[in-house]
There are 2 protein chains.
Amino acid sequence: MSRTVLVILNQPSLDTPAHHSGASEYALVDPAVPHLNVLDLAATRGDGIFESLSITAGRPHAIDAHLRRFAASARKLDLPAPDLNAWRDAIHAVVAELDPVAEAVVKIVMSRGVEGDVKPTGWAYAWPSPDYRAAREDGISVITLDRGYRHDIEQTAPWLLTGAKTLSYAINRAVLREAAKRGADDVIFVSSDGFILEGPTSSVLFRRANAILTPGTGLGILEGTTQGDLFAWARTRGMETGFELLTPAQLAESDAIWLVSSGRQAAPVREIDGVPHTIDRELSAAMNAFLLDRTR
Amino acid sequence: MSRTVLVILNQPSLDTPAHHSGASEYALVDPAVPHLNVLDLAATRGDGIFESLSITAGRPHAIDAHLRRFAASARKLDLPAPDLNAWRDAIHAVVAELDPVAEAVVKIVMSRGVEGDVKPTGWAYAWPSPDYRAAREDGISVITLDRGYRHDIEQTAPWLLTGAKTLSYAINRAVLREAAKRGADDVIFVSSDGFILEGPTSSVLFRRANAILTPGTGLGILEGTTQGDLFAWARTRGMETGFELLTPAQLAESDAIWLVSSGRQAAPVREIDGVPHTIDRELSAAMNAFLLDRTR
């Protein structure tokens, strides 16, 4: 077992040939050694897709929802369909090899492969999570930033790949640097026509009285796997759930706000654009207890 | 000498440590062997920059303009400043090792490096160009596609990294697939407020009487190195040059249109959105003769 674990898939898609005929489904390899060609389209064009799954007690969370979204991202990019059985096996394989830790993350990546070739490249990598307790308990400060696109971009310009989780994430990194420059921890994207969208690596949730809401899908944003599980859980507690398009001013009037994602789970927002916001410590704690205790 | 050539830089930026202390400036390596870690931010986040230079008769074109733009892209991404002397040496090194061919391309790439590390990864890769004669002589068909951003996005939302040549190019690839689905060769991006921008890998030039024009910079588009050289050349022939913001309808009224870029050079546009456009064969031939004969 190891502190970090990497497997390379032999045949990430059944639509394309295996890399090594007759080889096993995946190979456990040393993450410190180079495994990618410089012509891999992951590296030269950010041309591929990924998912990050959280792991507690050796159990990957929301694996079905992640694999479903992985396949949906592949379709948006006209990639070969990922062989979800092979990817599921790879996820379980890296988790099985990982040193026992309270929390870990598995990232799965599928690129279009080496330029000029037809075989996608696929790998799964697992590592221990950083300590997210401060973010979960005391909250995070966020800024809102213009995403540049209208809220209906996914319908009007599908070639912009909004709603797909691609490897072209330079913007998602740049906005976190912008947040850091302004002394904030994270970002909420706003559409060019003024609607709340999502974080660069998270979904936005908000509470209004007994209802938990999120802007919803079809806005050029990702369908949140953590958001999906939280909605199902909230309904079991008698809360309402729903989708609502809203402005930053309307978000600021909600009773509580969270950025939710695999890994960090539910991070209550304690400040937006420099203005303090109430955090719901009790509900945040219940959310995180549920999320970390998921058995699938 | 080889058909394709790869060098890995030892110290892509003087702001950060060398990868191997005391090693030479670059290492000539086998391109068929993996050289990238799966945690390299080039591969996981498209978090880096690149340039592509055309080569004829062993001479890289517009190397100063490319290196200047490379450095400008690094600044936009808050990357360590590339050591331009080292990059220049690397470009000349791959060109010197390349089998003699009429035309070739060198691509230089600098990523933020392996996640958690502080050392950028850098490489230069050279390969023979495909045969672009048909595109240069008979022209290309293009479609216009919404880029989703307003034409002033670079000023209003610099965190979206427009105007930087990043490795997050999944959209630039997706629009070429969209063009292929519609039976076209290439794409001209239009801003969400209706102005002509650029191609996914080229600048848009157009002729009106004796003037050669381009939409210009500051529109969230790249400053074209080929466009820059063509403008200087056009002025030596007594033509006027200039910048003009214009709509697709205005572009369609121009006397001739080109997409210009390193590699393919000047490709006259023979059809836009299914409507035939006049191509200026004589001027196109003169442009390409000039571009391919550049000595620097």
# chains A, B, ... in the order shown; residues from 1 in each chain; ligands from 1

$ residues_around --residues "Leu41 (chain A)" --least-positions-apart "2" --cutoff "6 Å" --atoms "only C-alpha atoms" --output "PyMOL selection string"
chain A and resi 43-45+47+112-114

$ interface_residues --of "chain A" --to "chain B" --cutoff "6 Å" --atoms "only C-alpha atoms" --output "ChimeraX atom specification"
/A:34-37,42-47,148-149,159-160,167-171,174-175

$ residues_around --residues "region 137-143 of chain B" --least-positions-apart "5" --cutoff "9 Å" --atoms "only C-alpha atoms" --output "PyMOL selection string"
chain B and resi 132+179+182-189+258-259+267-274+276+279+281+284-285

$ residues_around --residues "Ala104 (chain A)" --least-positions-apart "3" --cutoff "8 Å" --atoms "only C-alpha atoms" --output "CSV table (one decimal) with C-alpha atoms, in the first residue's frame"
chain,number,residue,atom,x,y,z
A,54,SER,CA,-14.0,11.7,-2.3
A,55,ILE,CA,-13.2,8.6,-0.2
A,56,THR,CA,-13.9,7.9,3.4
A,101,VAL,CA,-6.5,7.6,5.9
A,126,ALA,CA,-5.5,8.7,-5.4
A,127,TRP,CA,-4.0,10.8,-2.6
A,128,PRO,CA,-4.9,11.8,1.0
A,129,SER,CA,-7.1,14.9,1.4
A,263,GLY,CA,-13.2,16.6,-1.2

$ residues_around --residues "Arg68 (chain A)" --least-positions-apart "4" --cutoff "12 Å" --atoms "only C-alpha atoms" --output "PyMOL selection string"
chain A and resi 50-51+62-64+72-75+81-85+87-88+164-165+223-225

$ select_by_dssp --residues "region 35-189 of chain B" --states "helix (DSSP H, G or I)" --output "ChimeraX atom specification"
/B:41-45,63-76,84-97,133-138,153-156,158-160,170-181

$ closest_residue --among "B:Ala102, B:Ser261, B:Leu283, B:Lys119" --to "Asp131 (chain B)" --atoms "only C-alpha atoms"
B:Ala102

$ select_by_dssp --residues "region 14-249 of chain A" --states "strand (DSSP E)" --output "PyMOL selection string"
chain A and resi 26-29+48-56+59-60+103-111+121-128+140-146+186-190+203-208+211-214+240-243

$ closest_residue --among "A:Asn10, A:Thr247, A:Ser2, A:Gln265" --to "Pro120 (chain A)" --atoms "only C-alpha atoms"
A:Asn10

$ closest_residue --among "B:Leu28, B:Ser203, B:Ile212, B:Ala86" --to "Leu14 (chain B)" --atoms "only C-alpha atoms"
B:Ala86

$ residues_around --residues "Pro248 (chain B)" --least-positions-apart "4" --cutoff "9 Å" --atoms "only C-alpha atoms" --output "count of residues only"
7
